[in-house]
$ cat query27.cif   # mmCIF, C-alpha atoms
data_target
loop_
_atom_site.group_PDB
_atom_site.id
_atom_site.type_symbol
_atom_site.label_atom_id
_atom_site.label_comp_id
_atom_site.auth_asym_id
_atom_site.auth_seq_id
_atom_site.Cartn_x
_atom_site.Cartn_y
_atom_site.Cartn_z
ATOM 1 C CA ALA A 162 -31.909 -24.527 -57.951
ATOM 2 C CA PRO A 163 -33.007 -21.488 -59.908
ATOM 3 C CA LEU A 164 -35.377 -18.894 -58.481
ATOM 4 C CA ILE A 165 -38.508 -18.629 -60.636
ATOM 5 C CA ALA A 166 -40.989 -15.787 -60.468
ATOM 6 C CA ALA A 167 -44.155 -15.324 -62.562
ATOM 7 C CA ARG A 168 -46.411 -12.326 -62.863
ATOM 8 C CA GLY A 169 -49.415 -11.496 -64.925
ATOM 9 C CA VAL A 170 -49.302 -8.265 -66.915
ATOM 10 C CA GLU A 171 -51.619 -6.583 -69.395
ATOM 11 C CA ALA A 172 -50.328 -4.897 -72.521
ATOM 12 C CA GLY A 173 -52.286 -3.727 -75.548
ATOM 13 C CA GLY A 174 -55.476 -5.282 -74.279
ATOM 14 C CA GLN A 175 -53.900 -8.701 -73.999
ATOM 15 C CA ARG A 176 -53.045 -10.542 -70.842
ATOM 16 C CA TYR A 177 -49.584 -12.111 -70.614
ATOM 17 C CA THR A 178 -47.733 -14.121 -68.037
ATOM 18 C CA VAL A 179 -44.107 -13.140 -67.621
ATOM 19 C CA VAL A 180 -41.879 -15.835 -66.154
ATOM 20 C CA VAL A 181 -38.354 -14.990 -64.962
ATOM 21 C CA ALA A 182 -35.812 -17.552 -63.781
ATOM 22 C CA ILE A 183 -32.458 -16.745 -62.255
ATOM 23 C CA ASN A 184 -29.651 -18.951 -61.040
ATOM 24 C CA GLN A 185 -28.919 -18.192 -57.308
ATOM 25 C CA GLY A 186 -25.631 -20.069 -57.158
ATOM 26 C CA PRO A 187 -23.248 -17.061 -57.336
ATOM 27 C CA GLU A 188 -25.223 -15.061 -54.755
ATOM 28 C CA ARG A 189 -25.495 -18.048 -52.424
ATOM 29 C CA ASP A 190 -21.743 -18.688 -52.797
ATOM 30 C CA ALA A 191 -20.987 -15.018 -52.058
ATOM 31 C CA VAL A 192 -23.162 -15.040 -48.914
ATOM 32 C CA THR A 193 -21.589 -18.319 -47.756
ATOM 33 C CA THR A 194 -18.065 -17.012 -48.362
ATOM 34 C CA PHE A 195 -18.860 -13.789 -46.477
ATOM 35 C CA GLY A 196 -20.360 -15.756 -43.574
ATOM 36 C CA LYS A 197 -17.276 -17.966 -43.313
ATOM 37 C CA ALA A 198 -15.010 -14.913 -43.460
ATOM 38 C CA MET A 199 -16.985 -13.287 -40.646
ATOM 39 C CA LEU A 200 -16.827 -16.442 -38.521
ATOM 40 C CA VAL A 201 -13.042 -16.571 -38.832
ATOM 41 C CA GLY A 202 -12.187 -12.883 -39.256
ATOM 42 C CA GLY A 203 -14.630 -11.443 -36.710
ATOM 43 C CA PRO A 204 -12.982 -13.023 -33.670
ATOM 44 C CA LEU A 205 -9.527 -12.193 -35.066
ATOM 45 C CA VAL A 206 -10.493 -8.545 -35.535
ATOM 46 C CA LEU A 207 -12.051 -8.509 -32.065
ATOM 47 C CA ALA A 208 -8.928 -10.080 -30.504
ATOM 48 C CA GLY A 209 -6.672 -7.652 -32.367
ATOM 49 C CA THR A 210 -8.757 -4.709 -31.214
ATOM 50 C CA ALA A 211 -8.663 -5.964 -27.613
ATOM 51 C CA VAL A 212 -4.863 -6.368 -27.685
ATOM 52 C CA ALA A 213 -4.416 -2.911 -29.243
ATOM 53 C CA ALA A 214 -6.712 -1.342 -26.619
ATOM 54 C CA TRP A 215 -4.857 -3.136 -23.799
ATOM 55 C CA LEU A 216 -1.493 -1.919 -25.093
ATOM 56 C CA LEU A 217 -2.759 1.620 -25.632
ATOM 57 C CA VAL A 218 -4.356 1.851 -22.177
ATOM 58 C CA GLY A 219 -1.237 0.338 -20.570
ATOM 59 C CA ARG A 220 0.997 2.842 -22.316
ATOM 60 C CA THR A 221 -1.314 5.707 -21.412
ATOM 61 C CA LEU A 222 -1.473 4.714 -17.733
ATOM 62 C CA ARG A 223 2.257 3.995 -17.347
ATOM 63 C CA PRO A 224 2.941 7.563 -16.052
ATOM 64 C CA VAL A 225 0.088 7.178 -13.542
ATOM 65 C CA GLU A 226 1.699 3.985 -12.227
ATOM 66 C CA GLN A 227 5.039 5.829 -11.899
ATOM 67 C CA ILE A 228 3.327 8.627 -9.957
ATOM 68 C CA ARG A 229 1.691 6.003 -7.712
ATOM 69 C CA ARG A 230 5.061 4.303 -7.042
ATOM 70 C CA ASP A 231 6.704 7.670 -6.297
ATOM 71 C CA ALA A 232 3.887 8.639 -3.910
ATOM 72 C CA GLU A 233 4.000 5.260 -2.182
ATOM 73 C CA VAL A 234 7.587 5.752 -0.957
ATOM 74 C CA ILE A 235 7.075 9.317 0.296
ATOM 75 C CA THR A 236 6.812 9.240 4.085
ATOM 76 C CA THR A 237 6.165 11.796 6.795
ATOM 77 C CA GLY A 238 9.895 12.056 7.388
ATOM 78 C CA HIS A 239 10.645 12.728 3.701
ATOM 79 C CA LEU A 240 8.025 15.219 2.531
ATOM 80 C CA ASP A 241 10.738 16.971 0.526
ATOM 81 C CA ALA A 242 10.495 14.209 -2.114
ATOM 82 C CA ARG A 243 8.341 14.798 -5.191
ATOM 83 C CA VAL A 244 6.650 12.612 -7.798
ATOM 84 C CA SER A 245 8.054 12.543 -11.319
ATOM 85 C CA VAL A 246 6.286 14.817 -13.806
ATOM 86 C CA PRO A 247 5.795 13.309 -17.276
ATOM 87 C CA GLY A 248 6.307 15.538 -20.286
ATOM 88 C CA GLY A 249 3.353 17.049 -22.055
ATOM 89 C CA ASP A 250 0.343 19.119 -21.114
ATOM 90 C CA ASP A 251 -2.327 16.592 -20.247
ATOM 91 C CA GLU A 252 -4.333 15.448 -17.248
ATOM 92 C CA ILE A 253 -1.573 13.139 -16.014
ATOM 93 C CA THR A 254 0.994 15.956 -16.042
ATOM 94 C CA ARG A 255 -1.428 18.218 -14.183
ATOM 95 C CA LEU A 256 -2.067 15.400 -11.666
ATOM 96 C CA ALA A 257 1.681 15.108 -10.975
ATOM 97 C CA LEU A 258 2.042 18.888 -10.622
ATOM 98 C CA THR A 259 -0.942 19.012 -8.248
ATOM 99 C CA MET A 260 0.529 16.193 -6.136
ATOM 100 C CA ASN A 261 3.871 18.016 -5.952
ATOM 101 C CA ASP A 262 2.094 21.233 -4.887
ATOM 102 C CA MET A 263 0.220 19.260 -2.211
ATOM 103 C CA LEU A 264 3.485 17.711 -0.984
ATOM 104 C CA GLY A 265 4.996 21.196 -0.796
ATOM 105 C CA ARG A 266 2.088 22.413 1.327
ATOM 106 C CA LEU A 267 2.358 19.352 3.590
ATOM 107 C CA GLU A 268 6.097 19.914 3.988
ATOM 108 C CA ALA A 269 5.566 23.607 4.842
ATOM 109 C CA GLY A 270 2.869 22.648 7.366
ATOM 110 C CA GLN A 271 5.125 20.063 8.957
ATOM 111 C CA GLN A 272 7.978 22.587 9.244
ATOM 112 C CA ALA A 273 5.628 25.145 10.805
ATOM 113 C CA GLN A 274 4.423 22.527 13.276
ATOM 114 C CA ARG A 275 7.999 21.642 14.221
ATOM 115 C CA ARG A 276 8.860 25.331 14.740
ATOM 116 C CA PHE A 277 5.741 25.738 16.875
ATOM 117 C CA VAL A 278 6.600 22.732 19.034
ATOM 118 C CA ALA A 279 10.192 23.955 19.440
ATOM 119 C CA ASP A 280 9.012 27.463 20.411
ATOM 120 C CA ALA A 281 6.402 26.093 22.817
ATOM 121 C CA SER A 282 8.951 23.776 24.376
ATOM 122 C CA HIS A 283 11.364 26.650 24.868
ATOM 123 C CA GLU A 284 8.677 28.892 26.393
ATOM 124 C CA LEU A 285 7.565 26.161 28.828
ATOM 125 C CA ARG A 286 11.093 25.346 30.029
ATOM 126 C CA SER A 287 11.736 28.768 31.580
ATOM 127 C CA PRO A 288 8.889 28.743 34.150
ATOM 128 C CA LEU A 289 9.510 25.040 34.851
ATOM 129 C CA ALA A 290 13.167 25.789 35.594
ATOM 130 C CA SER A 291 12.151 28.604 37.956
ATOM 131 C CA LEU A 292 9.663 26.338 39.738
ATOM 132 C CA SER A 293 12.218 23.538 40.058
ATOM 133 C CA MET A 294 14.819 25.879 41.509
ATOM 134 C CA ALA A 295 12.347 27.429 43.973
ATOM 135 C CA VAL A 296 11.258 23.968 45.167
ATOM 136 C CA GLU A 297 14.889 22.829 45.564
ATOM 137 C CA LEU A 298 15.824 25.947 47.518
ATOM 138 C CA ALA A 299 12.845 25.658 49.830
ATOM 139 C CA ASP A 300 13.306 21.928 50.287
ATOM 140 C CA SER A 301 17.052 21.896 50.848
ATOM 141 C CA PRO A 302 18.061 20.929 54.413
ATOM 142 C CA GLY A 303 19.544 23.819 56.301
ATOM 143 C CA GLY A 304 18.696 26.229 53.507
ATOM 144 C CA ASP A 305 18.120 29.935 54.050
ATOM 145 C CA VAL A 306 14.944 30.049 51.933
ATOM 146 C CA THR A 307 11.555 29.267 53.400
ATOM 147 C CA TRP A 308 8.328 28.201 51.715
ATOM 148 C CA ASP A 309 6.908 31.617 52.549
ATOM 149 C CA GLU A 310 9.661 33.267 50.492
ATOM 150 C CA VAL A 311 9.256 30.784 47.630
ATOM 151 C CA ALA A 312 5.439 30.863 47.482
ATOM 152 C CA PRO A 313 5.201 34.144 45.465
ATOM 153 C CA VAL A 314 7.716 32.809 42.898
ATOM 154 C CA VAL A 315 5.827 29.519 42.650
ATOM 155 C CA GLY A 316 2.537 31.424 42.241
ATOM 156 C CA ARG A 317 3.931 33.720 39.497
ATOM 157 C CA GLU A 318 5.552 30.900 37.567
ATOM 158 C CA THR A 319 2.455 28.697 37.911
ATOM 159 C CA GLU A 320 0.343 31.557 36.505
ATOM 160 C CA ARG A 321 2.855 32.040 33.704
ATOM 161 C CA LEU A 322 2.615 28.325 32.848
ATOM 162 C CA ARG A 323 -1.181 28.506 32.899
ATOM 163 C CA GLN A 324 -1.152 31.447 30.479
ATOM 164 C CA LEU A 325 1.299 29.658 28.181
ATOM 165 C CA VAL A 326 -0.892 26.551 28.134
ATOM 166 C CA ASP A 327 -3.996 28.664 27.475
ATOM 167 C CA ASP A 328 -2.176 30.392 24.592
ATOM 168 C CA LEU A 329 -1.161 27.025 23.186
ATOM 169 C CA LEU A 330 -4.733 25.757 23.329
#
$ encode --input "query27.cif" --output "structure tokens"
Amino acid sequence: APLIAARGVEAGGQRYTVVVAINQGPERDAVTTFGKAMLVGGPLVLAGTAVAAWLLVGRTLRPVEQIRRDAEVITTGHLDARVSVPGGDDEITRLALTMNDMLGRLEAGQQAQRRFVADASHELRSPLASLSMAVELADSPGGDVTWDEVAPVVGRETERLRQLVDDLL
């Protein structure tokens, strides 16, 4: 069905009616064809974009997953292990480097703690050995040492232990 439009105009003192008719078939066909293309192509483009985004994000996050797996197997007993550092100069590389620095600090702290415990253990053994020996000597049947002779040693070593414990705290 054609589209018909009429309009009154005035020219040279006369009034005229201008009637215009146009066939809408080609325009209607073009709009219909475009609509059908959008109904079919739109979801395909959307699906393609979703798949491309999923693949791109997966590829981008693959190094993060590797860092996570590396970190997951690092235990207190193996703080010398490090996470793998991907190539490049991006946030993921800096994350891996930061994690490795943190692991280095944890390892150094653990080693310092072990040295401290070993030193403290060594320092505490000496007065304990003196106390044990004094008690054995004073308690031995038929021994020549009395509690009166041992008491000053026990007092000194007990004070030494107290000072060591205070220093530790």
$ atom_distance --input "query27.cif" --atom1 "CA of Arg275 in chain A" --atom2 "CA of Val315 in chain A"
29.6 Å
$ resolve_selection --input "query27.cif" --expression "the PyMOL selection byres ((chain A and resi 288) around 12)" --output "ChimeraX atom specification"
/A:281-287,289-295,314-326
$ write_last_selection --input "query27.cif" --atoms "C-alpha atoms" --output "PDB file, in the coordinates of the input"
ATOM      1  CA  ALA A 281       6.402  26.093  22.817  1.00  0.00           C
ATOM      2  CA  SER A 282       8.951  23.776  24.376  1.00  0.00           C
ATOM      3  CA  HIS A 283      11.364  26.650  24.868  1.00  0.00           C
ATOM      4  CA  GLU A 284       8.677  28.892  26.393  1.00  0.00           C
ATOM      5  CA  LEU A 285       7.565  26.161  28.828  1.00  0.00           C
ATOM      6  CA  ARG A 286      11.093  25.346  30.029  1.00  0.00           C
ATOM      7  CA  SER A 287      11.736  28.768  31.580  1.00  0.00           C
ATOM      8  CA  LEU A 289       9.510  25.040  34.851  1.00  0.00           C
ATOM      9  CA  ALA A 290      13.167  25.789  35.594  1.00  0.00           C
ATOM     10  CA  SER A 291      12.151  28.604  37.956  1.00  0.00           C
ATOM     11  CA  LEU A 292       9.663  26.338  39.738  1.00  0.00           C
ATOM     12  CA  SER A 293      12.218  23.538  40.058  1.00  0.00           C
ATOM     13  CA  MET A 294      14.819  25.879  41.509  1.00  0.00           C
ATOM     14  CA  ALA A 295      12.347  27.429  43.973  1.00  0.00           C
ATOM     15  CA  VAL A 314       7.716  32.809  42.898  1.00  0.00           C
ATOM     16  CA  VAL A 315       5.827  29.519  42.650  1.00  0.00           C
ATOM     17  CA  GLY A 316       2.537  31.424  42.241  1.00  0.00           C
ATOM     18  CA  ARG A 317       3.931  33.720  39.497  1.00  0.00           C
ATOM     19  CA  GLU A 318       5.552  30.900  37.567  1.00  0.00           C
ATOM     20  CA  THR A 319       2.455  28.697  37.911  1.00  0.00           C
ATOM     21  CA  GLU A 320       0.343  31.557  36.505  1.00  0.00           C
ATOM     22  CA  ARG A 321       2.855  32.040  33.704  1.00  0.00           C
ATOM     23  CA  LEU A 322       2.615  28.325  32.848  1.00  0.00           C
ATOM     24  CA  ARG A 323      -1.181  28.506  32.899  1.00  0.00           C
ATOM     25  CA  GLN A 324      -1.152  31.447  30.479  1.00  0.00           C
ATOM     26  CA  LEU A 325       1.299  29.658  28.181  1.00  0.00           C
ATOM     27  CA  VAL A 326      -0.892  26.551  28.134  1.00  0.00           C
TER      28      VAL A 326
END
$ residues_near_point --input "query27.cif" --point "(1.9, 11.5, -6.9)" --cutoff "6 Å" --atoms "only C-alpha atoms" --output "short mmCIF file (atom, residue, chain, number, x, y, z; two decimals) with C-alpha atoms, in the coordinates of the input"
data_model
loop_
_atom_site.label_atom_id
_atom_site.label_comp_id
_atom_site.auth_asym_id
_atom_site.auth_seq_id
_atom_site.Cartn_x
_atom_site.Cartn_y
_atom_site.Cartn_z
CA ILE A 228 3.33 8.63 -9.96
CA ARG A 229 1.69 6.00 -7.71
CA ALA A 232 3.89 8.64 -3.91
CA VAL A 244 6.65 12.61 -7.80
CA ALA A 257 1.68 15.11 -10.98
CA MET A 260 0.53 16.19 -6.14
#
$ resolve_selection --input "query27.cif" --expression "the PyMOL selection byres ((chain A and resi 245) around 12)" --output "VMD selection string"
chain A and resid 223 to 232 242 to 244 246 to 248 253 to 261
$ closest_residue --input "query27.cif" --among "A:Ile165, A:Ala273, A:Val278, A:Leu298" --to "Leu329 in chain A" --atoms "all atoms listed in the file"
A:Val278
$ atom_distance --input "query27.cif" --atom1 "CA of Thr210 in chain A" --atom2 "CA of Leu222 in chain A"
18.0 Å
$ resolve_selection --input "query27.cif" --expression "the PyMOL selection byres ((chain A and resi 308) around 9)" --output "mmCIF file with C-alpha atoms, keeping the file's coordinate frame"
data_model
loop_
_atom_site.group_PDB
_atom_site.id
_atom_site.type_symbol
_atom_site.label_atom_id
_atom_site.label_comp_id
_atom_site.auth_asym_id
_atom_site.auth_seq_id
_atom_site.Cartn_x
_atom_site.Cartn_y
_atom_site.Cartn_z
ATOM 1 C CA ALA A 295 12.347 27.429 43.973
ATOM 2 C CA VAL A 296 11.258 23.968 45.167
ATOM 3 C CA LEU A 298 15.824 25.947 47.518
ATOM 4 C CA ALA A 299 12.845 25.658 49.830
ATOM 5 C CA ASP A 300 13.306 21.928 50.287
ATOM 6 C CA VAL A 306 14.944 30.049 51.933
ATOM 7 C CA THR A 307 11.555 29.267 53.400
ATOM 8 C CA ASP A 309 6.908 31.617 52.549
ATOM 9 C CA GLU A 310 9.661 33.267 50.492
ATOM 10 C CA VAL A 311 9.256 30.784 47.630
ATOM 11 C CA ALA A 312 5.439 30.863 47.482
#
$ atom_distance --input "query27.cif" --atom1 "CA of Arg220 in chain A" --atom2 "CA of Thr236 in chain A"
27.8 Å
$ closest_residue --input "query27.cif" --among "A:Pro313, A:Leu164, A:Leu240, A:Leu216" --to "Asp262 in chain A" --atoms "all atoms listed in the file"
A:Leu240
$ closest_residue --input "query27.cif" --among "A:Gly238, A:Glu252, A:Phe277, A:Gly202" --to "Asp328 in chain A" --atoms "all atoms listed in the file"
A:Phe277
$ build_atoms --input "query27.cif" --residues "range 243-276 of chain A" --atoms "N, CA and C atoms" --output "short mmCIF file (atom, residue, chain, number, x, y, z; two decimals), keeping the file's coordinate frame"
data_model
loop_
_atom_site.label_atom_id
_atom_site.label_comp_id
_atom_site.auth_asym_id
_atom_site.auth_seq_id
_atom_site.Cartn_x
_atom_site.Cartn_y
_atom_site.Cartn_z
N ARG A 243 9.41 14.44 -4.27
CA ARG A 243 8.34 14.80 -5.19
C ARG A 243 8.13 13.65 -6.18
N VAL A 244 6.94 13.62 -6.78
CA VAL A 244 6.65 12.61 -7.80
C VAL A 244 7.20 13.11 -9.14
N SER A 245 7.52 12.16 -10.01
CA SER A 245 8.05 12.54 -11.32
C SER A 245 6.93 13.11 -12.18
N VAL A 246 7.26 14.14 -12.95
CA VAL A 246 6.29 14.82 -13.81
C VAL A 246 6.56 14.40 -15.25
N PRO A 247 5.59 13.70 -15.88
CA PRO A 247 5.80 13.31 -17.28
C PRO A 247 5.73 14.53 -18.18
N GLY A 248 6.35 14.44 -19.34
CA GLY A 248 6.31 15.54 -20.29
C GLY A 248 4.92 15.68 -20.88
N GLY A 249 4.64 16.83 -21.42
CA GLY A 249 3.35 17.05 -22.06
C GLY A 249 2.49 17.98 -21.24
N ASP A 250 1.30 18.23 -21.78
CA ASP A 250 0.34 19.12 -21.11
C ASP A 250 -1.01 18.43 -21.10
N ASP A 251 -1.08 17.34 -20.31
CA ASP A 251 -2.33 16.59 -20.25
C ASP A 251 -2.74 16.42 -18.80
N GLU A 252 -3.79 15.65 -18.59
CA GLU A 252 -4.33 15.45 -17.25
C GLU A 252 -3.33 14.78 -16.33
N ILE A 253 -2.54 13.86 -16.85
CA ILE A 253 -1.57 13.14 -16.01
C ILE A 253 -0.47 14.08 -15.54
N THR A 254 -0.01 14.96 -16.43
CA THR A 254 0.99 15.96 -16.04
C THR A 254 0.43 16.88 -14.98
N ARG A 255 -0.81 17.33 -15.18
CA ARG A 255 -1.43 18.22 -14.18
C ARG A 255 -1.64 17.49 -12.85
N LEU A 256 -1.95 16.19 -12.90
CA LEU A 256 -2.07 15.40 -11.67
C LEU A 256 -0.74 15.39 -10.91
N ALA A 257 0.36 15.14 -11.61
CA ALA A 257 1.68 15.11 -10.98
C ALA A 257 2.03 16.47 -10.39
N LEU A 258 1.75 17.55 -11.13
CA LEU A 258 2.04 18.89 -10.62
C LEU A 258 1.20 19.20 -9.39
N THR A 259 -0.06 18.79 -9.40
CA THR A 259 -0.94 19.01 -8.25
C THR A 259 -0.44 18.24 -7.03
N MET A 260 -0.01 16.99 -7.26
CA MET A 260 0.53 16.19 -6.14
C MET A 260 1.79 16.84 -5.57
N ASN A 261 2.65 17.36 -6.43
CA ASN A 261 3.87 18.02 -5.95
C ASN A 261 3.53 19.29 -5.17
N ASP A 262 2.52 20.05 -5.64
CA ASP A 262 2.09 21.23 -4.89
C ASP A 262 1.56 20.83 -3.51
N MET A 263 0.77 19.75 -3.47
CA MET A 263 0.22 19.26 -2.21
C MET A 263 1.35 18.83 -1.27
N LEU A 264 2.35 18.13 -1.81
CA LEU A 264 3.48 17.71 -0.98
C LEU A 264 4.24 18.93 -0.45
N GLY A 265 4.35 19.97 -1.26
CA GLY A 265 5.00 21.20 -0.80
C GLY A 265 4.24 21.83 0.36
N ARG A 266 2.90 21.85 0.24
CA ARG A 266 2.09 22.41 1.33
C ARG A 266 2.20 21.56 2.59
N LEU A 267 2.20 20.23 2.43
CA LEU A 267 2.36 19.35 3.59
C LEU A 267 3.72 19.56 4.25
N GLU A 268 4.75 19.70 3.44
CA GLU A 268 6.10 19.91 3.99
C GLU A 268 6.16 21.24 4.75
N ALA A 269 5.57 22.30 4.18
CA ALA A 269 5.57 23.61 4.84
C ALA A 269 4.78 23.53 6.15
N GLY A 270 3.66 22.81 6.14
CA GLY A 270 2.87 22.65 7.37
C GLY A 270 3.63 21.88 8.43
N GLN A 271 4.34 20.84 8.01
CA GLN A 271 5.12 20.06 8.96
C GLN A 271 6.25 20.91 9.56
N GLN A 272 6.91 21.72 8.74
CA GLN A 272 7.98 22.59 9.24
C GLN A 272 7.42 23.62 10.22
N ALA A 273 6.25 24.17 9.89
CA ALA A 273 5.63 25.14 10.80
C ALA A 273 5.27 24.48 12.13
N GLN A 274 4.78 23.25 12.06
CA GLN A 274 4.42 22.53 13.28
C GLN A 274 5.67 22.26 14.12
N ARG A 275 6.75 21.89 13.47
CA ARG A 275 8.00 21.64 14.22
C ARG A 275 8.51 22.92 14.88
N ARG A 276 8.44 24.05 14.15
CA ARG A 276 8.86 25.33 14.74
C ARG A 276 7.97 25.68 15.94
#
